[in-house]
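*Asks:* So that you have it, the file is input.cif, and it contains mmCIF, C-alpha atoms:
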```
data_coords
loop_
_atom_site.label_atom_id
_atom_site.label_comp_id
_atom_site.auth_asym_id
_atom_site.auth_seq_id
_atom_site.Cartn_x
_atom_site.Cartn_y
_atom_site.Cartn_z
CA MET U 8 166.98 12.88 186.51
CA THR U 9 167.42 11.71 182.93
CA ALA U 10 170.08 13.65 181.06
CA GLN U 11 169.28 15.53 177.87
CA LYS U 12 171.05 13.84 174.96
CA LEU U 13 173.77 15.83 173.20
CA ASP U 14 173.17 14.27 169.80
CA GLY U 15 176.32 14.57 167.70
CA ARG U 16 174.73 12.98 164.66
CA ALA U 17 171.97 15.61 164.54
CA ALA U 18 174.35 18.51 165.17
CA SER U 19 176.86 17.27 162.57
CA ALA U 20 174.06 16.90 160.02
CA ALA U 21 173.17 20.56 160.57
CA ILE U 22 176.81 21.59 160.13
CA LYS U 23 177.10 19.58 156.91
CA ALA U 24 173.94 21.20 155.54
CA GLU U 25 175.51 24.60 156.20
CA LEU U 26 178.78 23.46 154.59
CA THR U 27 176.89 22.33 151.48
CA GLU U 28 175.72 25.93 150.98
CA ARG U 29 179.21 27.32 151.60
CA VAL U 30 180.74 24.87 149.13
CA ALA U 31 178.17 25.87 146.51
CA ALA U 32 179.04 29.53 147.09
CA LEU U 33 182.73 28.78 146.65
CA LYS U 34 182.10 26.85 143.45
CA ALA U 35 180.16 29.81 142.10
CA ARG U 36 183.36 31.82 142.57
CA GLY U 37 185.49 29.21 140.83
CA VAL U 38 186.86 27.34 143.86
CA THR U 39 186.01 23.74 144.74
CA PRO U 40 187.21 22.86 148.25
CA GLY U 41 189.48 19.82 148.11
CA ILE U 42 190.05 17.43 150.99
CA ALA U 43 192.72 14.74 150.80
CA THR U 44 193.68 11.73 152.90
CA VAL U 45 196.98 9.88 153.04
CA LEU U 46 196.70 6.19 153.93
CA VAL U 47 199.82 4.07 154.32
CA GLY U 48 199.12 0.35 154.47
CA ALA U 49 195.84 -1.55 154.48
CA ASP U 50 194.64 -1.44 158.09
CA PRO U 51 190.88 -2.23 157.93
CA ALA U 52 189.91 0.31 160.61
CA SER U 53 191.93 3.06 158.91
CA GLN U 54 190.39 2.19 155.54
CA LEU U 55 186.93 2.44 157.12
CA TYR U 56 187.64 5.86 158.66
CA VAL U 57 189.12 7.23 155.45
CA GLY U 58 186.22 5.92 153.39
CA MET U 59 183.72 7.52 155.75
CA LYS U 60 185.42 10.91 155.52
CA HIS U 61 185.38 10.84 151.71
CA LYS U 62 181.77 9.68 151.56
CA GLN U 63 180.70 12.62 153.70
CA SER U 64 182.85 15.15 151.87
CA ASP U 65 181.47 13.95 148.53
CA ALA U 66 177.95 14.45 149.87
CA ILE U 67 178.53 18.16 150.48
CA GLY U 68 180.16 18.72 147.09
CA MET U 69 183.83 18.82 147.99
CA ASN U 70 186.61 17.47 145.80
CA SER U 71 187.75 14.19 147.39
CA ILE U 72 191.39 13.12 146.94
CA GLN U 73 192.47 9.69 148.20
CA ARG U 74 196.16 8.89 148.20
CA GLU U 75 197.40 5.47 149.28
CA LEU U 76 200.84 3.94 149.71
CA PRO U 77 201.83 0.36 150.55
CA ALA U 78 202.71 -0.58 154.13
CA ASP U 79 206.39 -0.86 153.21
CA ALA U 80 206.57 2.68 151.79
CA THR U 81 209.76 4.48 152.78
CA GLN U 82 210.00 7.70 154.77
CA GLU U 83 211.13 9.45 151.59
CA GLU U 84 208.12 8.20 149.62
CA VAL U 85 205.66 9.38 152.25
CA GLU U 86 207.37 12.76 152.57
CA ALA U 87 207.34 13.16 148.79
CA LEU U 88 203.57 12.63 148.81
CA ILE U 89 203.21 15.20 151.60
CA ASP U 90 205.20 17.70 149.52
CA GLU U 91 202.97 16.98 146.53
CA LEU U 92 199.79 17.73 148.50
CA ASN U 93 201.34 20.84 150.02
CA ALA U 94 201.92 22.17 146.50
CA ALA U 95 198.62 21.04 144.95
CA PRO U 96 196.22 23.99 144.43
CA THR U 97 193.24 21.62 144.29
CA CYS U 98 193.94 20.39 147.84
CA HIS U 99 192.92 22.86 150.55
CA GLY U 100 193.33 20.55 153.51
CA TYR U 101 194.32 16.99 154.29
CA ILE U 102 195.08 14.44 156.97
CA VAL U 103 197.58 11.63 157.32
CA GLN U 104 195.64 8.68 158.71
CA LEU U 105 197.16 7.31 161.90
CA PRO U 106 198.66 5.05 163.04
CA LEU U 107 201.45 4.86 160.49
CA PRO U 108 203.61 1.74 160.11
CA LYS U 109 206.19 1.55 162.90
CA HIS U 110 209.21 2.00 160.64
CA LEU U 111 208.09 5.54 159.73
CA ASP U 112 208.87 8.70 161.70
CA THR U 113 205.33 9.89 162.41
CA ASP U 114 206.34 13.20 164.01
CA ALA U 115 208.52 14.18 161.06
CA ILE U 116 205.74 13.35 158.61
CA LEU U 117 203.08 15.31 160.50
CA GLU U 118 205.37 18.33 160.90
CA ARG U 119 205.98 18.33 157.14
CA ILE U 120 202.30 19.14 156.48
CA ASP U 121 201.70 22.73 155.37
CA PRO U 122 200.11 24.31 158.51
CA ASP U 123 197.55 26.08 156.32
CA LYS U 124 196.42 22.69 154.96
CA ASP U 125 196.34 20.98 158.36
CA ALA U 126 192.76 19.68 158.40
CA ASP U 127 193.09 18.30 161.94
CA GLY U 128 194.30 21.61 163.34
CA LEU U 129 197.04 19.81 165.30
CA HIS U 130 200.20 20.91 163.47
CA PRO U 131 202.78 22.34 165.93
CA THR U 132 202.55 25.72 164.19
CA ASN U 133 198.78 25.84 164.61
CA LEU U 134 198.96 24.69 168.23
CA GLY U 135 201.54 27.41 168.82
CA ARG U 136 199.18 29.99 167.34
CA LEU U 137 196.48 28.65 169.64
CA VAL U 138 198.75 29.11 172.67
CA LEU U 139 199.47 32.69 171.56
CA ASN U 140 195.74 33.24 171.04
CA VAL U 141 196.26 34.27 167.41
CA ASN U 142 194.85 31.02 165.95
CA THR U 143 191.41 31.89 164.61
CA THR U 144 189.32 30.44 161.81
CA ILE U 145 190.18 33.55 159.80
CA GLU U 146 193.90 32.78 160.00
CA SER U 147 194.41 29.04 160.44
CA PRO U 148 192.64 25.78 161.39
CA LEU U 149 191.59 24.95 164.94
CA PRO U 150 191.70 21.45 166.53
CA CYS U 151 188.69 19.46 165.30
CA THR U 152 187.63 17.54 168.40
CA PRO U 153 187.81 20.48 170.84
CA ARG U 154 185.85 22.57 168.34
CA GLY U 155 183.39 19.70 168.05
CA VAL U 156 182.85 19.58 171.82
CA ILE U 157 182.16 23.30 171.97
CA GLU U 158 179.89 23.23 168.90
CA LEU U 159 177.91 20.32 170.35
CA LEU U 160 177.22 22.27 173.52
CA THR U 161 176.45 25.63 171.92
CA ARG U 162 174.21 24.12 169.23
CA ASN U 163 172.17 22.58 172.03
CA GLY U 164 171.72 25.97 173.70
CA TYR U 165 174.32 25.43 176.42
CA SER U 166 176.29 28.56 177.36
CA LEU U 167 179.84 28.04 178.59
CA ASN U 168 180.13 31.58 179.91
CA GLY U 169 181.41 31.45 183.49
CA LYS U 170 181.19 27.66 183.69
CA HIS U 171 183.77 25.48 185.43
CA VAL U 172 184.95 22.81 182.99
CA VAL U 173 186.99 19.83 184.17
CA VAL U 174 188.93 18.10 181.39
CA VAL U 175 189.97 14.51 182.08
CA GLY U 176 193.11 13.62 180.12
CA ARG U 177 196.13 15.49 178.80
CA GLY U 178 196.58 14.20 175.25
CA VAL U 179 197.32 16.57 172.40
CA THR U 180 194.16 15.68 170.44
CA ILE U 181 191.84 17.23 173.02
CA GLY U 182 193.10 17.41 176.61
CA ARG U 183 195.86 19.96 176.08
CA SER U 184 194.15 22.05 173.42
CA ILE U 185 190.55 22.32 174.58
CA GLY U 186 191.47 24.37 177.62
CA LEU U 187 193.06 26.99 175.39
CA LEU U 188 189.85 27.26 173.38
CA LEU U 189 187.48 27.26 176.36
CA THR U 190 189.29 30.12 178.10
CA ARG U 191 188.98 32.43 175.10
CA ARG U 192 186.75 35.41 175.76
CA GLU U 193 184.00 34.21 173.41
CA TYR U 194 183.49 31.14 175.64
CA ASN U 195 184.81 32.54 178.93
CA ALA U 196 184.96 29.24 180.83
CA THR U 197 187.27 28.33 183.71
CA VAL U 198 189.20 25.11 183.10
CA THR U 199 190.72 22.50 185.42
CA GLN U 200 192.68 19.64 183.89
CA VAL U 201 193.00 16.31 185.70
CA HIS U 202 194.92 13.17 184.72
CA THR U 203 196.50 9.98 186.04
CA GLY U 204 198.75 11.97 188.36
CA THR U 205 195.87 13.85 190.00
CA VAL U 206 195.25 13.00 193.66
CA ASP U 207 191.54 12.45 194.37
CA MET U 208 190.23 13.22 190.89
CA GLY U 209 186.67 12.91 192.17
CA GLN U 210 186.88 16.09 194.25
CA TYR U 211 187.44 18.11 191.07
CA LEU U 212 184.84 16.26 189.01
CA ARG U 213 182.13 16.87 191.62
CA GLN U 214 182.74 20.63 191.35
CA ALA U 215 182.41 20.71 187.56
CA ASP U 216 179.59 22.32 185.62
CA VAL U 217 180.97 20.53 182.55
CA ILE U 218 183.10 17.37 182.36
CA VAL U 219 185.03 16.54 179.18
CA ALA U 220 186.18 12.93 179.56
CA SER U 221 189.04 12.13 177.17
CA ALA U 222 191.19 9.63 179.06
CA GLY U 223 190.42 6.51 176.99
CA VAL U 224 189.57 4.47 180.10
CA LYS U 225 186.37 2.43 180.00
CA HIS U 226 183.66 3.86 182.30
CA LEU U 227 186.16 5.91 184.31
CA ILE U 228 183.56 8.54 185.23
CA LYS U 229 180.95 7.16 187.64
CA ALA U 230 177.60 8.62 188.68
CA GLU U 231 178.99 9.57 192.10
CA ASP U 232 181.67 11.68 190.39
CA VAL U 233 179.15 13.99 188.72
CA LYS U 234 177.38 17.02 190.16
CA PRO U 235 173.61 16.78 189.56
CA GLY U 236 172.70 18.65 186.41
CA ALA U 237 176.24 18.85 185.02
CA ALA U 238 176.97 18.53 181.30
CA VAL U 239 179.13 15.49 180.51
CA LEU U 240 180.94 15.03 177.20
CA ASP U 241 182.20 11.47 176.62
CA VAL U 242 185.15 11.67 174.23
CA GLY U 243 187.32 8.71 175.23
CA VAL U 244 187.22 5.46 173.28
CA THR U 245 188.06 1.95 174.46
CA ARG U 246 187.50 -1.06 172.21
CA GLY U 247 186.54 -4.47 173.53
CA ASP U 248 187.68 -7.81 172.15
CA PRO U 249 186.54 -8.46 168.54
CA ASP U 250 183.41 -10.55 168.08
CA PRO U 251 184.57 -13.94 166.75
CA GLU U 252 181.72 -14.02 164.19
CA THR U 253 181.63 -10.44 162.92
CA GLY U 254 185.17 -9.31 163.73
CA LYS U 255 183.76 -6.04 165.09
CA SER U 256 184.73 -4.63 168.47
CA LYS U 257 182.27 -2.96 170.83
CA VAL U 258 183.12 0.65 171.63
CA TYR U 259 183.06 1.89 175.21
CA GLY U 260 183.31 5.47 176.39
CA ASP U 261 184.92 6.99 179.48
CA VAL U 262 181.51 7.58 181.08
CA ASP U 263 179.52 4.93 182.92
CA PRO U 264 175.93 4.74 181.59
CA ALA U 265 174.60 5.37 185.11
CA VAL U 266 175.84 8.97 184.79
CA GLY U 267 172.76 9.60 182.64
CA GLU U 268 170.61 9.48 185.78
CA VAL U 269 172.58 12.30 187.42
CA ALA U 270 173.81 14.58 184.64
CA GLY U 271 171.69 17.27 183.05
CA TRP U 272 173.33 16.83 179.63
CA LEU U 273 175.18 13.82 178.26
CA SER U 274 176.77 13.00 174.91
CA PRO U 275 176.43 9.34 173.84
CA ASN U 276 179.47 7.34 172.80
CA PRO U 277 179.37 6.48 169.96
CA GLY U 278 177.14 9.10 168.35
CA GLY U 279 178.22 12.14 170.34
CA VAL U 280 181.52 13.91 169.80
CA GLY U 281 182.78 11.51 167.10
CA PRO U 282 180.47 12.77 164.31
CA MET U 283 181.29 16.34 165.34
CA THR U 284 185.01 15.73 164.84
CA VAL U 285 184.43 14.66 161.23
CA ALA U 286 182.11 17.62 160.58
CA LEU U 287 184.65 20.10 161.98
CA LEU U 288 187.44 18.50 159.95
CA MET U 289 185.44 19.27 156.81
CA THR U 290 184.73 22.74 158.20
CA ASN U 291 188.47 23.36 158.50
CA VAL U 292 188.94 22.48 154.84
CA VAL U 293 186.06 24.68 153.67
CA GLU U 294 187.43 27.56 155.74
CA ALA U 295 190.86 27.02 154.16
CA ALA U 296 189.29 27.28 150.72
CA GLU U 297 187.47 30.46 151.78
CA ARG U 298 190.76 31.97 152.95
CA THR U 299 192.15 31.66 149.41
CA LEU U 300 189.54 34.20 148.30
CA ALA U 301 189.94 36.57 151.23
#
```
Let me see the file written as structure tokens.

*Replies:*
Amino acid sequence: MTAQKLDGRAASAAIKAELTERVAALKARGVTPGIATVLVGADPASQLYVGMKHKQSDAIGMNSIQRELPADATQEEVEALIDELNAAPTCHGYIVQLPLPKHLDTDAILERIDPDKDADGLHPTNLGRLVLNVNTTIESPLPCTPRGVIELLTRNGYSLNGKHVVVVGRGVTIGRSIGLLLTRREYNATVTQVHTGTVDMGQYLRQADVIVASAGVKHLIKAEDVKPGAAVLDVGVTRGDPDPETGKSKVYGDVDPAVGEVAGWLSPNPGGVGPMTVALLMTNVVEAAERTLA
């Protein structure tokens, strides 16, 4: 069996085409969705990620706001910038690019973000709303990567209704939050979460209709761990040693390539969930702008 590719680049392109129309409709009503990024320091990888987000947001007609501070910026200076963006009517959503320099209190900075402008959907207030099942796109942003996983499946015609999903990993970005989304009635999946403390992880994986691998361990999921025909979403990222000539590091996912001969559906890594995360981040900002007119 050769797995059907869950192409995140194609799905994200479709989402961005839809967002372009929604942005145009908002502009016609006098509102230009504004997305902002906060970058502290000059980390090359962070600069690359921020630049990519602004390039894509510009392409769909959004207002792009880039704010940068030096690596030695104080906690007070960063918090003052957060307060400025919280108050700015032209900014509908923003992110603080991580990691921050070690002398800064990352948790305090992230909690200072206005929950309604939380483009990542990971503010404690928004996660709390998700736990209470009152966090909807009508009211507040949802976590980007979990939304991206679900969108990638549904846009490829895969129904989650009644499926058993095994999530590998328990991080806040996806592991803890995706189960809350998947068990909502509109998706109606059953979720098992496994992690480093799980005894015999393979027994759970082999029962799964869907595996969401988000542990960040290179090729953790082997072909023998996967039920034939299962859908496998490779979300984890591990970087190899930098190439001495180019300085670039090869990216590895959590899923061994041999899984493609067993699974029915498989997302590549890179090129699978990653592009979806960026597309859903922009979706969160457009939805925030739409809420201002509701």

*Asks:* Expand the PyMOL selection byres ((chain U and resi 208-215) around 7) into the explicit residue set it covers here, and present it as a PyMOL selection string.

*Replies:* chain U and resi 171-173+201+205-207+216-218+232-234+237

*Asks:* Would you pick out the contacts of Arg191 (chain U) at 12 Å or less, using only C-alpha atoms, so that residues sharing its chain but fewer than 2 positions from it are not included, and give the list as a list of chain:residue names?

*Replies:* U:Leu137, U:Val138, U:Leu139, U:Asn140, U:Val141, U:Asn142, U:Thr143, U:Ile157, U:Leu167, U:Asn168, U:Gly169, U:Ser184, U:Ile185, U:Gly186, U:Leu187, U:Leu188, U:Leu189, U:Glu193, U:Tyr194, U:Asn195, U:Ala196, U:Thr197, U:Val198

*Asks:* Starting from the shown file, work through the PyMOL selection byres ((chain U and resi 283) around 12) and note down what comes out as a ChimeraX atom specification.

*Replies:* /U:13-23,60,150-160,162,240,242,274,276-282,284-290

*Asks:* Please write the residues from the selection above to a file, keeping C-alpha atoms, as a short mmCIF file (atom, residue, chain, number, x, y, z; two decimals), keeping the file's coordinate frame.

*Replies:*
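Contents of the output file out01.cif:
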```
data_model
loop_
_atom_site.label_atom_id
_atom_site.label_comp_id
_atom_site.auth_asym_id
_atom_site.auth_seq_id
_atom_site.Cartn_x
_atom_site.Cartn_y
_atom_site.Cartn_z
CA LEU U 13 173.77 15.83 173.20
CA ASP U 14 173.17 14.27 169.80
CA GLY U 15 176.32 14.57 167.70
CA ARG U 16 174.73 12.98 164.66
CA ALA U 17 171.97 15.61 164.54
CA ALA U 18 174.35 18.51 165.17
CA SER U 19 176.86 17.27 162.57
CA ALA U 20 174.06 16.90 160.02
CA ALA U 21 173.17 20.56 160.57
CA ILE U 22 176.81 21.59 160.13
CA LYS U 23 177.10 19.58 156.91
CA LYS U 60 185.42 10.91 155.52
CA PRO U 150 191.70 21.45 166.53
CA CYS U 151 188.69 19.46 165.30
CA THR U 152 187.63 17.54 168.40
CA PRO U 153 187.81 20.48 170.84
CA ARG U 154 185.85 22.57 168.34
CA GLY U 155 183.39 19.70 168.05
CA VAL U 156 182.85 19.58 171.82
CA ILE U 157 182.16 23.30 171.97
CA GLU U 158 179.89 23.23 168.90
CA LEU U 159 177.91 20.32 170.35
CA LEU U 160 177.22 22.27 173.52
CA ARG U 162 174.21 24.12 169.23
CA LEU U 240 180.94 15.03 177.20
CA VAL U 242 185.15 11.67 174.23
CA SER U 274 176.77 13.00 174.91
CA ASN U 276 179.47 7.34 172.80
CA PRO U 277 179.37 6.48 169.96
CA GLY U 278 177.14 9.10 168.35
CA GLY U 279 178.22 12.14 170.34
CA VAL U 280 181.52 13.91 169.80
CA GLY U 281 182.78 11.51 167.10
CA PRO U 282 180.47 12.77 164.31
CA THR U 284 185.01 15.73 164.84
CA VAL U 285 184.43 14.66 161.23
CA ALA U 286 182.11 17.62 160.58
CA LEU U 287 184.65 20.10 161.98
CA LEU U 288 187.44 18.50 159.95
CA MET U 289 185.44 19.27 156.81
CA THR U 290 184.73 22.74 158.20
#
```

*Asks:* U:Gly236, U:Gly100, U:Gly135, U:Gly243: which is nearest Gly182 (chain U), counting all atoms listed in the file?

*Replies:*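 Result for the nearest residue to Gly182 (chain U): U:Gly243.
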
*Asks:* If I take CA of Asn93 (chain U) and CA of Val38 (chain U), how far is one from the other in Å, to one decimal?

*Replies:*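 It comes out at 17.0 Å.
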
*Asks:* Between CA of Gln82 (chain U) and CA of Pro148 (chain U), what is the spacing in Å?

*Replies:*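 These atoms are spaced 25.9 Å apart.
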
*Asks:* Which is closer to Ser71 (chain U) than all the others in U:Glu84, U:Ile89, U:Lys109, U:Val292, using only C-alpha atoms?

*Replies:*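 Nearest candidate to Ser71 (chain U) out of U:Glu84, U:Ile89, U:Lys109, U:Val292: U:Val292.
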
*Asks:* If you count all atoms listed in the file, which residues fall within 8 Å of Pro235 (chain U), apart from same-chain ones fewer than 5 positions away, as a PyMOL selection string?

*Replies:* chain U and resi 269-271

*Asks:* Just to confirm, what's the straight-line distance from CA of Val224 (chain U) to CA of Asp261 (chain U) in Å (one decimal)?

*Replies:*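 Separation of CA of Val224 (chain U) and CA of Asp261 (chain U): 5.3 Å.
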
*Asks:* Check the smallest atom-to-atom distance from each of U:Val179, U:Arg119, U:Pro106, U:Asp90 to Pro51 (chain U) using all atoms listed in the file, then report the winner.

*Replies:*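 Counting all atoms listed in the file, the residue closest to Pro51 (chain U) is U:Pro106.
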
*Asks:* Could you spell out the hits of the PyMOL selection byres ((chain U and resi 256) around 6) on the shown file, as a VMD selection string?

*Replies:* chain U and resid 246 to 249 255 257

*Asks:* Select, from U:Pro77, U:Gly128, U:Gly176, U:Pro251, the residue with the minimum atom-to-atom distance to Leu149 (chain U), counting all atoms listed in the file.

*Replies:*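 Under the stated criterion, the closest residue is U:Gly128.
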
*Asks:* Because some atoms of region 37-58 of chain U are absent here, can you restore N, CA and C atoms and send them as an mmCIF file, in the coordinates of the input?

*Replies:*
```cif
data_model
loop_
_atom_site.group_PDB
_atom_site.id
_atom_site.type_symbol
_atom_site.label_atom_id
_atom_site.label_comp_id
_atom_site.auth_asym_id
_atom_site.auth_seq_id
_atom_site.Cartn_x
_atom_site.Cartn_y
_atom_site.Cartn_z
ATOM 1 N N GLY U 37 184.414 29.903 141.519
ATOM 2 C CA GLY U 37 185.490 29.210 140.830
ATOM 3 C C GLY U 37 186.405 28.376 141.696
ATOM 4 N N VAL U 38 186.027 28.126 142.948
ATOM 5 C CA VAL U 38 186.860 27.340 143.860
ATOM 6 C C VAL U 38 186.077 26.142 144.383
ATOM 7 N N THR U 39 186.614 24.945 144.177
ATOM 8 C CA THR U 39 186.010 23.740 144.740
ATOM 9 C C THR U 39 186.890 23.252 145.883
ATOM 10 N N PRO U 40 186.395 23.299 147.122
ATOM 11 C CA PRO U 40 187.210 22.860 148.250
ATOM 12 C C PRO U 40 187.655 21.412 148.076
ATOM 13 N N GLY U 41 188.943 21.167 148.272
ATOM 14 C CA GLY U 41 189.480 19.820 148.110
ATOM 15 C C GLY U 41 190.034 19.282 149.409
ATOM 16 N N ILE U 42 189.558 18.094 149.792
ATOM 17 C CA ILE U 42 190.050 17.430 150.990
ATOM 18 C C ILE U 42 190.773 16.150 150.573
ATOM 19 N N ALA U 43 191.932 15.916 151.154
ATOM 20 C CA ALA U 43 192.720 14.740 150.800
ATOM 21 C C ALA U 43 193.028 13.915 152.046
ATOM 22 N N THR U 44 193.236 12.617 151.834
ATOM 23 C CA THR U 44 193.680 11.730 152.900
ATOM 24 C C THR U 44 194.900 10.965 152.405
ATOM 25 N N VAL U 45 195.809 10.698 153.328
ATOM 26 C CA VAL U 45 196.980 9.880 153.040
ATOM 27 C C VAL U 45 196.882 8.620 153.889
ATOM 28 N N LEU U 46 196.809 7.474 153.239
ATOM 29 C CA LEU U 46 196.700 6.190 153.930
ATOM 30 C C LEU U 46 197.899 5.335 153.546
ATOM 31 N N VAL U 47 198.660 4.923 154.543
ATOM 32 C CA VAL U 47 199.820 4.070 154.320
ATOM 33 C C VAL U 47 199.511 2.689 154.889
ATOM 34 N N GLY U 48 199.472 1.687 154.026
ATOM 35 C CA GLY U 48 199.120 0.350 154.470
ATOM 36 C C GLY U 48 197.650 0.052 154.249
ATOM 37 N N ALA U 49 197.208 -1.097 154.741
ATOM 38 C CA ALA U 49 195.840 -1.550 154.480
ATOM 39 C C ALA U 49 195.128 -1.953 155.773
ATOM 40 N N ASP U 50 195.340 -1.169 156.836
ATOM 41 C CA ASP U 50 194.640 -1.440 158.090
ATOM 42 C C ASP U 50 193.136 -1.267 157.891
ATOM 43 N N PRO U 51 192.325 -2.300 158.203
ATOM 44 C CA PRO U 51 190.880 -2.230 157.930
ATOM 45 C C PRO U 51 190.192 -1.053 158.627
ATOM 46 N N ALA U 52 190.550 -0.791 159.895
ATOM 47 C CA ALA U 52 189.910 0.310 160.610
ATOM 48 C C ALA U 52 190.251 1.649 159.961
ATOM 49 N N SER U 53 191.522 1.810 159.566
ATOM 50 C CA SER U 53 191.930 3.060 158.910
ATOM 51 C C SER U 53 191.229 3.225 157.564
ATOM 52 N N GLN U 54 191.101 2.135 156.816
ATOM 53 C CA GLN U 54 190.390 2.190 155.540
ATOM 54 C C GLN U 54 188.938 2.597 155.738
ATOM 55 N N LEU U 55 188.323 2.091 156.813
ATOM 56 C CA LEU U 55 186.930 2.440 157.120
ATOM 57 C C LEU U 55 186.808 3.917 157.437
ATOM 58 N N TYR U 56 187.705 4.449 158.281
ATOM 59 C CA TYR U 56 187.640 5.860 158.660
ATOM 60 C C TYR U 56 187.864 6.767 157.462
ATOM 61 N N VAL U 57 188.834 6.426 156.632
ATOM 62 C CA VAL U 57 189.120 7.230 155.450
ATOM 63 C C VAL U 57 187.933 7.214 154.493
ATOM 64 N N GLY U 58 187.374 6.027 154.274
ATOM 65 C CA GLY U 58 186.220 5.920 153.390
ATOM 66 C C GLY U 58 185.045 6.740 153.876
#
```
